[in-house]
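Structure file protein_35.txt; described as compact mmCIF, C-alpha atoms.
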```txt
# COMPACT_ATOMS: atom_id res chain seq x y z
CA MET A 1 41.26 -16.12 -9.84
CA PRO A 2 38.29 -16.10 -7.44
CA GLU A 3 35.55 -13.57 -7.76
CA PRO A 4 35.91 -10.78 -5.21
CA ILE A 5 33.62 -10.87 -2.22
CA GLY A 6 31.68 -7.66 -2.04
CA LEU A 7 28.26 -7.96 -3.66
CA SER A 8 25.41 -7.59 -1.21
CA ARG A 9 23.54 -10.53 0.31
CA THR A 10 20.21 -8.71 0.50
CA LEU A 11 18.08 -10.88 -1.80
CA GLN A 12 15.70 -13.22 0.01
CA SER A 13 14.50 -16.64 -1.17
CA ARG A 14 11.21 -15.14 -2.38
CA HIS A 15 13.15 -12.71 -4.57
CA VAL A 16 15.29 -15.44 -6.12
CA ALA A 17 12.21 -17.61 -6.69
CA MET A 18 10.33 -14.88 -8.53
CA ILE A 19 13.45 -13.84 -10.44
CA SER A 20 13.68 -17.40 -11.76
CA ILE A 21 10.02 -17.32 -12.76
CA GLY A 22 10.44 -13.90 -14.34
CA GLY A 23 13.26 -15.18 -16.48
CA ILE A 24 11.02 -17.81 -18.11
CA ILE A 25 7.61 -16.16 -18.33
CA GLY A 26 7.80 -13.26 -20.76
CA ALA A 27 6.21 -11.85 -23.87
CA GLY A 28 7.30 -15.04 -25.63
CA LEU A 29 4.50 -16.87 -23.84
CA PHE A 30 1.79 -14.21 -23.98
CA VAL A 31 2.36 -13.15 -27.61
CA GLY A 32 5.18 -15.10 -29.26
CA SER A 33 3.39 -18.43 -28.82
CA SER A 34 0.88 -17.37 -31.49
CA ALA A 35 3.44 -17.90 -34.28
CA ALA A 36 4.22 -21.42 -33.06
CA ILE A 37 0.53 -22.32 -32.84
CA ALA A 38 -0.16 -20.99 -36.32
CA SER A 39 2.73 -22.96 -37.88
CA ILE A 40 2.34 -26.24 -35.98
CA GLY A 41 -1.29 -26.53 -34.87
CA PRO A 42 -2.43 -28.34 -31.69
CA ALA A 43 0.67 -30.56 -31.83
CA VAL A 44 2.57 -27.52 -30.53
CA ILE A 45 1.65 -28.86 -27.08
CA PHE A 46 4.19 -31.64 -27.60
CA SER A 47 6.72 -29.11 -28.89
CA TYR A 48 6.48 -27.29 -25.57
CA ILE A 49 6.65 -30.53 -23.59
CA ILE A 50 9.83 -31.68 -25.38
CA ALA A 51 11.44 -28.23 -25.17
CA GLY A 52 10.45 -27.99 -21.51
CA LEU A 53 12.05 -31.34 -20.71
CA LEU A 54 15.32 -30.26 -22.36
CA ILE A 55 15.36 -27.05 -20.32
CA LEU A 56 14.48 -28.92 -17.12
CA LEU A 57 17.30 -31.43 -17.61
CA SER A 58 19.74 -28.61 -18.39
CA MET A 59 18.70 -26.80 -15.23
CA ARG A 60 19.09 -29.98 -13.18
CA MET A 61 22.66 -30.32 -14.43
CA LEU A 62 23.25 -26.67 -13.58
CA GLY A 63 21.86 -27.26 -10.09
CA GLU A 64 24.27 -30.15 -9.51
CA LEU A 65 27.22 -27.99 -10.55
CA ALA A 66 26.02 -25.21 -8.25
CA LEU A 67 25.78 -27.38 -5.16
CA ALA A 68 29.09 -29.13 -5.87
CA ASN A 69 30.84 -25.77 -6.39
CA PRO A 70 29.14 -23.27 -4.06
CA GLU A 71 32.04 -20.84 -4.38
CA ILE A 72 31.49 -20.32 -8.13
CA GLY A 73 28.18 -18.48 -8.17
CA PHE A 74 27.87 -17.08 -11.67
CA PHE A 75 26.22 -19.15 -14.41
CA THR A 76 29.01 -19.18 -16.98
CA ASN A 77 31.85 -19.75 -14.52
CA TYR A 78 31.04 -23.43 -14.02
CA ALA A 79 32.30 -24.01 -17.56
CA ARG A 80 35.34 -21.86 -16.74
CA LYS A 81 36.31 -24.09 -13.81
CA VAL A 82 35.71 -27.43 -15.53
CA LEU A 83 36.45 -26.76 -19.21
CA GLY A 84 39.04 -24.00 -18.99
CA HIS A 85 39.42 -20.23 -18.90
CA GLY A 86 38.66 -19.80 -22.60
CA TRP A 87 35.21 -21.34 -22.17
CA GLY A 88 34.51 -18.92 -19.34
CA PHE A 89 35.59 -15.98 -21.48
CA VAL A 90 33.50 -17.00 -24.51
CA GLY A 91 30.52 -18.16 -22.45
CA GLY A 92 30.52 -15.04 -20.28
CA TRP A 93 30.63 -12.60 -23.16
CA LEU A 94 28.06 -14.62 -25.15
CA TYR A 95 25.70 -14.59 -22.18
CA TRP A 96 26.22 -10.86 -21.64
CA TYR A 97 25.57 -10.19 -25.31
CA PHE A 98 22.39 -12.27 -25.30
CA TRP A 99 20.88 -10.29 -22.43
CA MET A 100 22.08 -6.98 -23.83
CA ILE A 101 20.00 -7.71 -26.94
CA VAL A 102 17.07 -8.78 -24.75
CA VAL A 103 17.26 -5.37 -23.02
CA ALA A 104 16.92 -3.55 -26.35
CA VAL A 105 14.17 -5.84 -27.67
CA GLU A 106 12.10 -5.63 -24.47
CA ALA A 107 12.48 -1.84 -24.26
CA LEU A 108 11.23 -1.63 -27.84
CA ALA A 109 8.32 -4.00 -27.14
CA GLY A 110 7.29 -2.04 -24.06
CA ALA A 111 7.47 1.23 -25.99
CA ILE A 112 5.22 -0.15 -28.75
CA ILE A 113 2.58 -1.15 -26.18
CA LEU A 114 2.72 2.22 -24.38
CA ASN A 115 2.58 4.02 -27.72
CA GLN A 116 -1.11 3.04 -27.87
CA TRP A 117 -1.78 5.39 -24.94
CA ILE A 118 1.15 7.82 -25.02
CA ALA A 119 1.56 10.05 -28.08
CA LEU A 120 5.37 10.05 -28.17
CA PRO A 121 7.86 8.43 -30.57
CA VAL A 122 8.46 4.74 -29.85
CA TRP A 123 12.22 5.25 -29.55
CA LEU A 124 11.77 7.98 -26.95
CA ILE A 125 9.41 5.86 -24.83
CA GLY A 126 11.92 3.00 -25.05
CA LEU A 127 14.75 5.19 -23.84
CA VAL A 128 12.63 6.43 -20.91
CA LEU A 129 11.73 2.85 -19.91
CA LEU A 130 15.37 1.84 -20.07
CA ALA A 131 16.43 4.87 -18.01
CA CYS A 132 13.78 4.26 -15.33
CA LEU A 133 14.73 0.62 -14.78
CA THR A 134 18.42 1.52 -14.86
CA VAL A 135 17.73 3.80 -11.88
CA VAL A 136 15.95 0.93 -10.11
CA ASN A 137 19.00 -1.28 -10.56
CA LEU A 138 21.34 1.47 -9.38
CA PHE A 139 19.64 1.70 -5.99
CA SER A 140 20.42 -1.82 -4.77
CA ALA A 141 20.04 -5.51 -5.51
CA ARG A 142 17.14 -5.45 -3.06
CA SER A 143 15.28 -2.81 -5.10
CA TYR A 144 15.74 -4.90 -8.24
CA GLY A 145 14.53 -7.97 -6.36
CA GLU A 146 11.42 -6.18 -5.06
CA PHE A 147 10.46 -4.88 -8.50
CA GLU A 148 11.01 -8.30 -10.04
CA PHE A 149 9.07 -9.98 -7.22
CA TRP A 150 5.97 -7.91 -7.93
CA PHE A 151 6.34 -8.02 -11.73
CA SER A 152 6.60 -11.81 -11.61
CA SER A 153 3.78 -12.10 -9.08
CA ILE A 154 1.46 -10.29 -11.49
CA LYS A 155 2.48 -12.60 -14.34
CA VAL A 156 1.97 -15.75 -12.27
CA ALA A 157 -1.38 -14.50 -10.95
CA ALA A 158 -2.52 -13.72 -14.51
CA ILE A 159 -1.59 -17.21 -15.72
CA ILE A 160 -3.30 -18.91 -12.78
CA VAL A 161 -6.49 -16.89 -13.32
CA PHE A 162 -6.34 -17.67 -17.04
CA ILE A 163 -5.99 -21.40 -16.36
CA LEU A 164 -8.91 -21.36 -13.92
CA VAL A 165 -11.21 -19.36 -16.23
CA THR A 166 -10.47 -21.26 -19.44
CA GLY A 167 -10.34 -24.57 -17.57
CA ALA A 168 -13.84 -23.97 -16.24
CA TYR A 169 -15.01 -23.09 -19.76
CA VAL A 170 -13.48 -26.17 -21.39
CA LEU A 171 -14.86 -28.49 -18.70
CA GLY A 172 -18.34 -27.01 -19.01
CA LEU A 173 -18.37 -25.47 -15.54
CA SER A 174 -19.29 -22.03 -16.88
CA ALA A 175 -21.64 -20.99 -19.69
CA HIS A 176 -20.21 -23.64 -21.99
CA PRO A 177 -22.68 -26.57 -22.46
CA GLY A 178 -20.21 -29.27 -21.41
CA PRO A 179 -16.66 -30.64 -21.63
CA ASP A 180 -15.36 -30.03 -25.13
CA PHE A 181 -11.92 -30.87 -26.51
CA SER A 182 -12.98 -31.01 -30.15
CA ASN A 183 -10.88 -28.02 -31.20
CA LEU A 184 -7.81 -30.20 -30.71
CA VAL A 185 -8.75 -32.38 -33.70
CA LYS A 186 -11.49 -30.54 -35.59
CA PHE A 187 -9.40 -28.44 -37.97
CA GLY A 188 -7.13 -30.80 -39.87
CA GLY A 189 -6.44 -33.12 -36.95
CA PHE A 190 -4.15 -32.87 -33.95
CA ALA A 191 -1.03 -32.61 -36.15
CA PRO A 192 -2.25 -30.93 -39.37
CA PHE A 193 1.30 -30.52 -40.68
CA GLY A 194 2.41 -34.03 -39.75
CA ALA A 195 3.82 -35.60 -36.61
CA LEU A 196 7.34 -34.38 -37.39
CA SER A 197 6.13 -30.77 -37.20
CA ALA A 198 5.96 -31.12 -33.41
CA LEU A 199 9.63 -32.15 -33.30
CA ALA A 200 10.65 -29.41 -35.69
CA GLY A 201 8.64 -26.95 -33.60
CA VAL A 202 10.94 -27.51 -30.63
CA ALA A 203 13.52 -25.37 -32.42
CA THR A 204 11.00 -22.52 -32.47
CA VAL A 205 9.45 -22.70 -29.00
CA ILE A 206 12.52 -23.53 -26.91
CA PHE A 207 13.73 -19.92 -26.97
CA SER A 208 10.64 -18.74 -25.09
CA LEU A 209 11.51 -21.17 -22.27
CA THR A 210 15.07 -20.02 -21.63
CA GLY A 211 15.89 -17.71 -18.75
CA ALA A 212 15.64 -19.94 -15.67
CA GLU A 213 19.41 -19.68 -15.26
CA ILE A 214 18.97 -16.07 -14.09
CA ALA A 215 18.47 -17.59 -10.64
CA THR A 216 22.15 -18.60 -10.60
CA VAL A 217 23.14 -14.96 -11.14
CA ALA A 218 20.73 -13.51 -8.58
CA ALA A 219 21.42 -16.21 -5.97
CA VAL A 220 24.99 -14.91 -5.60
CA GLU A 221 23.43 -11.98 -3.72
CA SER A 222 21.30 -14.17 -1.44
CA LYS A 223 22.27 -15.65 1.93
CA LYS A 224 22.49 -19.29 0.76
CA PRO A 225 23.34 -19.13 -2.95
CA ALA A 226 24.13 -22.78 -3.71
CA ARG A 227 20.99 -24.12 -2.05
CA ALA A 228 18.85 -21.44 -3.70
CA ILE A 229 20.23 -22.34 -7.13
CA ALA A 230 19.66 -26.06 -6.62
CA SER A 231 16.05 -25.45 -5.62
CA MET A 232 15.22 -22.92 -8.32
CA THR A 233 16.73 -24.90 -11.17
CA THR A 234 14.43 -27.89 -10.70
CA THR A 235 11.23 -27.52 -8.69
CA LEU A 236 10.43 -23.99 -9.80
CA THR A 237 11.39 -24.62 -13.41
CA ALA A 238 9.08 -27.65 -13.48
CA ARG A 239 6.17 -25.57 -12.16
CA VAL A 240 6.66 -22.82 -14.73
CA LEU A 241 6.88 -25.34 -17.56
CA LEU A 242 3.59 -26.74 -16.31
CA PHE A 243 2.13 -23.23 -16.66
CA TYR A 244 3.27 -23.15 -20.28
CA VAL A 245 1.87 -26.56 -21.22
CA ALA A 246 -1.41 -26.06 -19.35
CA SER A 247 -1.93 -22.63 -20.94
CA MET A 248 -1.26 -23.92 -24.47
CA PHE A 249 -3.57 -26.91 -23.94
CA LEU A 250 -6.45 -24.75 -22.71
CA ILE A 251 -5.98 -22.14 -25.45
CA LEU A 252 -6.16 -24.83 -28.12
CA CYS A 253 -9.24 -26.36 -26.49
CA THR A 254 -10.98 -22.99 -26.22
CA VAL A 255 -10.40 -21.53 -29.68
CA ALA A 256 -9.74 -22.92 -33.16
CA TRP A 257 -5.99 -22.85 -33.81
CA THR A 258 -6.70 -21.66 -37.38
CA GLY A 259 -8.04 -18.39 -35.97
CA ILE A 260 -4.85 -17.51 -34.09
CA LYS A 261 -2.71 -15.06 -36.07
CA PRO A 262 1.05 -14.61 -35.56
CA GLY A 263 1.86 -11.48 -33.61
CA THR A 264 -1.44 -11.45 -31.70
CA SER A 265 -2.00 -12.83 -28.21
CA PRO A 266 -3.67 -16.26 -28.16
CA PHE A 267 -4.56 -15.50 -24.54
CA VAL A 268 -6.75 -12.61 -25.72
CA ALA A 269 -8.43 -14.85 -28.31
CA ALA A 270 -9.23 -17.44 -25.63
CA LEU A 271 -10.58 -14.87 -23.15
CA VAL A 272 -12.73 -13.26 -25.84
CA GLN A 273 -14.16 -16.69 -26.68
CA VAL A 274 -14.96 -17.29 -23.00
CA GLY A 275 -16.67 -13.90 -22.89
CA ILE A 276 -14.39 -11.93 -20.57
CA PRO A 277 -15.01 -8.19 -21.06
CA GLY A 278 -11.98 -5.99 -21.70
CA ALA A 279 -9.77 -9.03 -22.42
CA ALA A 280 -7.54 -7.13 -24.86
CA LEU A 281 -6.86 -4.31 -22.38
CA VAL A 282 -6.17 -6.72 -19.52
CA MET A 283 -3.73 -8.80 -21.56
CA ASN A 284 -1.98 -5.69 -22.89
CA LEU A 285 -1.31 -4.68 -19.30
CA VAL A 286 -0.09 -8.20 -18.45
CA VAL A 287 2.18 -8.27 -21.51
CA LEU A 288 3.53 -4.83 -20.56
CA THR A 289 4.30 -6.18 -17.09
CA ALA A 290 6.05 -9.19 -18.63
CA VAL A 291 8.10 -6.91 -20.87
CA LEU A 292 9.13 -4.63 -18.00
CA SER A 293 10.04 -7.70 -15.94
CA CYS A 294 12.34 -9.02 -18.68
CA LEU A 295 13.84 -5.55 -19.19
CA ASN A 296 14.47 -5.24 -15.46
CA SER A 297 16.10 -8.68 -15.33
CA GLY A 298 18.13 -7.98 -18.47
CA LEU A 299 19.70 -4.88 -16.96
CA TYR A 300 20.47 -6.75 -13.75
CA VAL A 301 22.03 -9.75 -15.54
CA THR A 302 24.17 -7.71 -17.94
CA SER A 303 25.69 -5.78 -15.03
CA ARG A 304 26.43 -8.86 -12.90
CA VAL A 305 27.91 -10.78 -15.82
CA LEU A 306 30.20 -7.83 -16.62
CA PHE A 307 31.16 -7.79 -12.93
CA ALA A 308 32.01 -11.52 -13.05
CA LEU A 309 33.97 -11.14 -16.29
CA ALA A 310 36.00 -8.28 -14.83
CA ALA A 311 36.61 -10.27 -11.64
CA ASN A 312 38.13 -13.04 -13.75
CA GLY A 313 40.30 -10.71 -15.83
CA ASP A 314 38.12 -10.90 -18.94
CA ALA A 315 36.88 -7.30 -18.81
CA PRO A 316 38.30 -3.95 -17.58
CA GLN A 317 38.99 -4.08 -13.85
CA ALA A 318 37.16 -0.79 -13.33
CA LEU A 319 33.90 -2.71 -13.68
CA VAL A 320 34.57 -4.56 -10.41
CA ALA A 321 34.14 -1.34 -8.39
CA LEU A 322 31.18 -1.24 -5.99
CA ASN A 323 29.50 1.74 -4.34
CA ARG A 324 28.64 1.92 -0.65
CA ARG A 325 25.43 -0.06 -1.26
CA LYS A 326 27.58 -2.83 -2.81
CA VAL A 327 26.14 -2.20 -6.28
CA PRO A 328 28.41 -2.45 -9.37
CA VAL A 329 27.40 0.96 -10.69
CA ARG A 330 29.92 1.08 -13.53
CA ALA A 331 28.88 -2.35 -14.77
CA ILE A 332 25.21 -1.31 -14.68
CA LEU A 333 25.83 1.93 -16.57
CA THR A 334 28.03 0.15 -19.14
CA GLY A 335 25.35 -2.47 -19.82
CA SER A 336 22.69 0.22 -19.98
CA ALA A 337 24.77 2.25 -22.47
CA PHE A 338 25.03 -0.73 -24.83
CA GLY A 339 21.28 -1.18 -24.44
CA TYR A 340 20.73 2.42 -25.53
CA ALA A 341 22.99 1.87 -28.55
CA ALA A 342 21.12 -1.28 -29.59
CA LEU A 343 17.77 0.47 -29.12
CA ILE A 344 18.88 3.37 -31.31
CA ALA A 345 20.09 0.85 -33.91
CA SER A 346 16.58 -0.64 -33.96
CA VAL A 347 15.25 2.76 -35.07
CA VAL A 348 18.05 3.83 -37.41
CA SER A 349 18.64 0.45 -39.08
CA PRO A 350 15.91 -2.06 -38.14
CA THR A 351 16.63 -4.45 -41.02
CA GLY A 352 20.38 -3.90 -41.09
CA VAL A 353 22.44 -3.38 -37.94
CA PHE A 354 19.69 -4.30 -35.47
CA SER A 355 18.68 -7.38 -37.44
CA PHE A 356 22.30 -8.56 -37.38
CA LEU A 357 22.57 -7.89 -33.63
CA VAL A 358 19.42 -9.92 -32.91
CA ASN A 359 20.46 -12.79 -35.19
CA ALA A 360 23.87 -12.99 -33.51
CA SER A 361 22.13 -13.88 -30.23
CA GLY A 362 19.62 -16.32 -31.73
CA ALA A 363 21.21 -19.61 -30.67
CA ALA A 364 23.24 -18.22 -27.76
CA MET A 365 21.31 -19.79 -24.89
CA LEU A 366 21.26 -23.24 -26.49
CA LEU A 367 25.03 -23.10 -26.94
CA LEU A 368 25.42 -21.99 -23.33
CA TYR A 369 23.21 -24.81 -22.06
CA LEU A 370 25.28 -27.21 -24.16
CA MET A 371 28.41 -25.81 -22.52
CA VAL A 372 26.99 -26.22 -19.01
CA GLY A 373 25.88 -29.78 -19.79
CA THR A 374 29.36 -30.69 -21.01
CA ALA A 375 30.85 -29.20 -17.83
CA GLN A 376 28.45 -31.23 -15.66
CA ILE A 377 29.33 -34.50 -17.38
CA ARG A 378 33.08 -33.91 -17.13
CA HIS A 379 32.80 -32.69 -13.55
CA ARG A 380 30.80 -35.74 -12.44
CA ILE A 381 33.20 -38.16 -14.11
CA SER A 382 36.18 -36.49 -12.41
CA MET A 383 34.67 -36.66 -8.90
CA ALA A 384 36.18 -39.00 -6.32
CA PRO A 385 33.86 -41.62 -4.74
CA GLY A 386 33.81 -39.73 -1.45
CA GLU A 387 32.87 -36.45 -3.15
CA LEU A 388 30.11 -38.18 -5.08
CA GLU A 389 28.61 -39.66 -1.92
CA ALA A 390 28.64 -36.25 -0.23
CA LEU A 391 26.83 -34.64 -3.18
CA GLY A 392 23.28 -34.15 -2.00
CA PHE A 393 21.89 -32.91 -5.31
CA LYS A 394 22.52 -34.98 -8.43
CA MET A 395 21.47 -35.23 -12.05
CA TRP A 396 18.87 -37.93 -12.51
CA LEU A 397 19.96 -41.25 -14.07
CA PHE A 398 23.49 -40.08 -14.80
CA PRO A 399 25.02 -40.33 -17.36
CA TRP A 400 22.13 -41.29 -19.64
CA LEU A 401 19.85 -38.30 -19.04
CA SER A 402 22.81 -35.93 -19.25
CA TYR A 403 23.75 -37.38 -22.64
CA ALA A 404 20.09 -37.32 -23.73
CA ALA A 405 19.82 -33.61 -22.87
CA GLN A 406 23.01 -32.83 -24.79
CA LEU A 407 21.86 -34.80 -27.82
CA GLY A 408 18.45 -33.12 -27.66
CA ILE A 409 19.98 -29.64 -27.71
CA LEU A 410 22.29 -30.63 -30.56
CA ALA A 411 19.25 -31.93 -32.47
CA VAL A 412 17.50 -28.58 -31.99
CA LEU A 413 20.58 -26.70 -33.26
CA ILE A 414 20.75 -28.97 -36.32
CA ALA A 415 17.00 -28.55 -36.92
CA MET A 416 17.47 -24.76 -36.93
CA ALA A 417 19.52 -25.13 -40.12
CA PHE A 418 16.40 -26.33 -41.98
CA PHE A 419 14.28 -23.24 -41.21
CA PRO A 420 15.34 -20.07 -43.09
CA ASP A 421 14.63 -17.65 -40.23
CA LEU A 422 16.27 -19.86 -37.61
CA ALA A 423 19.17 -20.80 -39.92
CA SER A 424 20.26 -17.18 -40.20
CA GLN A 425 20.26 -16.93 -36.39
CA LEU A 426 22.26 -20.15 -36.05
CA TYR A 427 24.94 -19.17 -38.55
CA THR A 428 25.24 -15.57 -37.34
CA THR A 429 25.57 -16.75 -33.73
CA MET A 430 28.26 -19.24 -34.74
CA VAL A 431 30.16 -16.44 -36.49
CA PHE A 432 29.91 -14.34 -33.34
CA VAL A 433 31.18 -17.23 -31.19
CA THR A 434 34.09 -17.71 -33.58
CA VAL A 435 34.95 -14.02 -33.24
CA LEU A 436 34.91 -14.37 -29.45
CA TRP A 437 37.32 -17.31 -29.58
CA LEU A 438 39.64 -15.39 -31.90
CA LEU A 439 39.50 -12.41 -29.56
CA TYR A 440 40.29 -14.65 -26.60
CA PHE A 441 43.37 -16.12 -28.28
CA ALA A 442 44.51 -12.68 -29.42
CA LEU A 443 44.21 -11.23 -25.91
CA ARG A 444 45.90 -14.24 -24.37
CA LYS A 445 48.79 -13.93 -26.79
CA THR A 446 49.30 -10.29 -25.81
CA ASN A 447 48.98 -11.18 -22.10
CA ARG A 448 45.94 -8.97 -21.65
CA LEU A 449 43.93 -11.70 -19.98
CA TYR A 450 44.40 -13.26 -16.61
CA LEU A 451 44.82 -17.03 -17.11
CA ALA A 452 44.12 -19.46 -14.31
CA ALA A 453 46.99 -21.73 -13.50
```

Entire entry expressed as structure tokens:
Amino acid sequence: MPEPIGLSRTLQSRHVAMISIGGIIGAGLFVGSSAAIASIGPAVIFSYIIAGLLILLSMRMLGELALANPEIGFFTNYARKVLGHGWGFVGGWLYWYFWMIVVAVEALAGAIILNQWIALPVWLIGLVLLACLTVVNLFSARSYGEFEFWFSSIKVAAIIVFILVTGAYVLGLSAHPGPDFSNLVKFGGFAPFGALSALAGVATVIFSLTGAEIATVAAVESKKPARAIASMTTTLTARVLLFYVASMFLILCTVAWTGIKPGTSPFVAALVQVGIPGAALVMNLVVLTAVLSCLNSGLYVTSRVLFALAANGDAPQALVALNRRKVPVRAILTGSAFGYAALIASVVSPTGVFSFLVNASGAAMLLLYLMVGTAQIRHRISMAPGELEALGFKMWLFPWLSYAAQLGILAVLIAMAFFPDLASQLYTTMVFVTVLWLLYFALRKTNRLYLAA
């Protein structure tokens, strides 16, 4: 069953480009990276490189599927076409669930930052943030795109300035006496916890790099969706990954990794070392921007995924309805309502219900990337010679790099089982996926799902 034509085509290429960037650069880079640095040391640079390569290869496979199937559009529906309707059902709901949790987490993170300046309960600030960005999404896809364009522009500008300032410091072009990379080896060596720690660290850092696939959702509302997806999933992803690696390298050159504490921003520590006044305030504002960007994108994605699920008979048909601005209002409000519920759960039961909800989304994106990779391999193998020649955008060195990416993601999932915090996320996510499959079979048996012929 094809998705109904009706969503607007008002997003421009600049919007889709910045939406893709916004999906990758979030609080996970500006704050979350501190935990990885503290547990791995300077070798975390290689953790980010390996994780970045896995994401880049996954995005390349996604780009090939997008250009070969321009009529598909939505991220999870490539698996639906190639692997079967059940994979589309499970993948779609898993993806929606992942971003619904992101909405609650980012609203909470933004509220905690604003609580430093606004004397209101954290939960109330979170609800207000969620309500404000829900209104933005209700106006039009263009309004979402404009907000995300400027949010992402601020993040990119902040990273570029950071790289220039710390790069000048490390190379001795500022007050520093000369080029100095000694912090990379001074405190216990480059890999103080052993070389294998860098490989194990991939399981920790890869989650901060996910999100580039948002471009495939947003591109549906652009004028040339397939071409936009193909471009965003490779060139732009590579640039953003370069931002990550360059930032981590310069942070570890500027400050001693032993002084970086989990939960604090390593960017602040580096700017303080360089001597930038008001570094903490500046980075708090940048992190707030990153949080609002992810919250904005989360609301957008949850609504469009619900729309796609409904269009394929996997969700109530009422969610397909559009208003006169071609916005799926019911899907937006439904996603927002679940976000409110999750946010309230974070206050009422932070270590119970909310902890379970977060854990159930822990390995979701890796499983989804694995699904897309499997679809790309099967789709390429099934293509006729003429179709293959006409394909202008292909996975590099097929099939070997495709297999390598799949094996790499599987290795990360297996590695998660050896870390207590990550293991709970892996197992809880697998339970959730099992529930989705059982629900799919139950609904199919009662003929409550549309099944493609």

Within 9 Å of (7.6, -9.0, -9.9), all atoms listed in the file: residues as a ChimeraX atom specification? /A:15,18-19,22,145-155,289-290,293

Protein, DNA and RNA residues within 8 Å of (25.5, -2.1, -3.7), all atoms listed in the file, as an MDAnalysis selection string: chainID A and resid 7:8 138:141 322:329

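If only C-alpha atoms are the atoms counted, then among A:Leu401, A:Asn77, A:Leu357, A:Ala280 the closest residue to Ser424 (chain A) is A:Leu357.
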
Which residue gives the smallest distance to Val128 (chain A) among A:Ala111, A:Leu426, A:Leu366, A:Val372, with only C-alpha atoms counted? A:Ala111

Counting all atoms listed in the file, what are the residues of region 407-439 of chain A within 12 Å of region 185-209 of chain A, and for each of them which pair of atoms is the nearest and at what distance in Å, to one decimal? Sort the table by chain and rising number, as JSON lines.
```
{"residue": "A:Gly408", "atom": "CA", "partner": "A:Val202", "partner_atom": "CA", "distance": 9.8}
{"residue": "A:Ile409", "atom": "CA", "partner": "A:Ala203", "partner_atom": "CA", "distance": 9.1}
{"residue": "A:Leu410", "atom": "CA", "partner": "A:Ala203", "partner_atom": "CA", "distance": 10.4}
{"residue": "A:Ala411", "atom": "CA", "partner": "A:Ala203", "partner_atom": "CA", "distance": 8.7}
{"residue": "A:Val412", "atom": "CA", "partner": "A:Ala203", "partner_atom": "CA", "distance": 5.1}
{"residue": "A:Leu413", "atom": "CA", "partner": "A:Ala203", "partner_atom": "CA", "distance": 7.2}
{"residue": "A:Ile414", "atom": "CA", "partner": "A:Ala203", "partner_atom": "CA", "distance": 9.0}
{"residue": "A:Ala415", "atom": "CA", "partner": "A:Ala203", "partner_atom": "CA", "distance": 6.5}
{"residue": "A:Met416", "atom": "CA", "partner": "A:Ala203", "partner_atom": "CA", "distance": 6.0}
{"residue": "A:Ala417", "atom": "CA", "partner": "A:Ala203", "partner_atom": "CA", "distance": 9.8}
{"residue": "A:Phe418", "atom": "CA", "partner": "A:Ala200", "partner_atom": "CA", "distance": 9.1}
{"residue": "A:Phe419", "atom": "CA", "partner": "A:Ala200", "partner_atom": "CA", "distance": 9.0}
{"residue": "A:Pro420", "atom": "CA", "partner": "A:Thr204", "partner_atom": "CA", "distance": 11.7}
{"residue": "A:Asp421", "atom": "CA", "partner": "A:Thr204", "partner_atom": "CA", "distance": 9.9}
{"residue": "A:Leu422", "atom": "CA", "partner": "A:Thr204", "partner_atom": "CA", "distance": 7.8}
{"residue": "A:Ala423", "atom": "CA", "partner": "A:Ala203", "partner_atom": "CA", "distance": 10.4}
{"residue": "A:Gln425", "atom": "CA", "partner": "A:Thr204", "partner_atom": "CA", "distance": 11.5}
{"residue": "A:Leu426", "atom": "CA", "partner": "A:Ala203", "partner_atom": "CA", "distance": 10.8}
```

Expressed in Å to a single decimal, how great is the separation between CA of Glu106 (chain A) and CA of Ala345 (chain A)?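 Separation of CA of Glu106 (chain A) and CA of Ala345 (chain A): 14.0 Å.
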
Just how far from CA of Ile118 (chain A) is CA of Thr334 (chain A), in Å to one decimal?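 Separating CA of Thr334 (chain A) from CA of Ile118 (chain A) is a distance of 28.6 Å.
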
Report, in Å to a single decimal, how far apart CA of Tyr48 (chain A) and CA of Tyr244 (chain A) are. 7.4 Å

If you count only C-alpha atoms, which residues fall within 12 Å of Arg80 (chain A), apart from same-chain ones fewer than 3 positions away, as number ranges by chain? A: 1-2, 65, 69, 72-77, 83-92, 308-309, 312, 314, 368, 371-372, 374-376, 379, 451-452
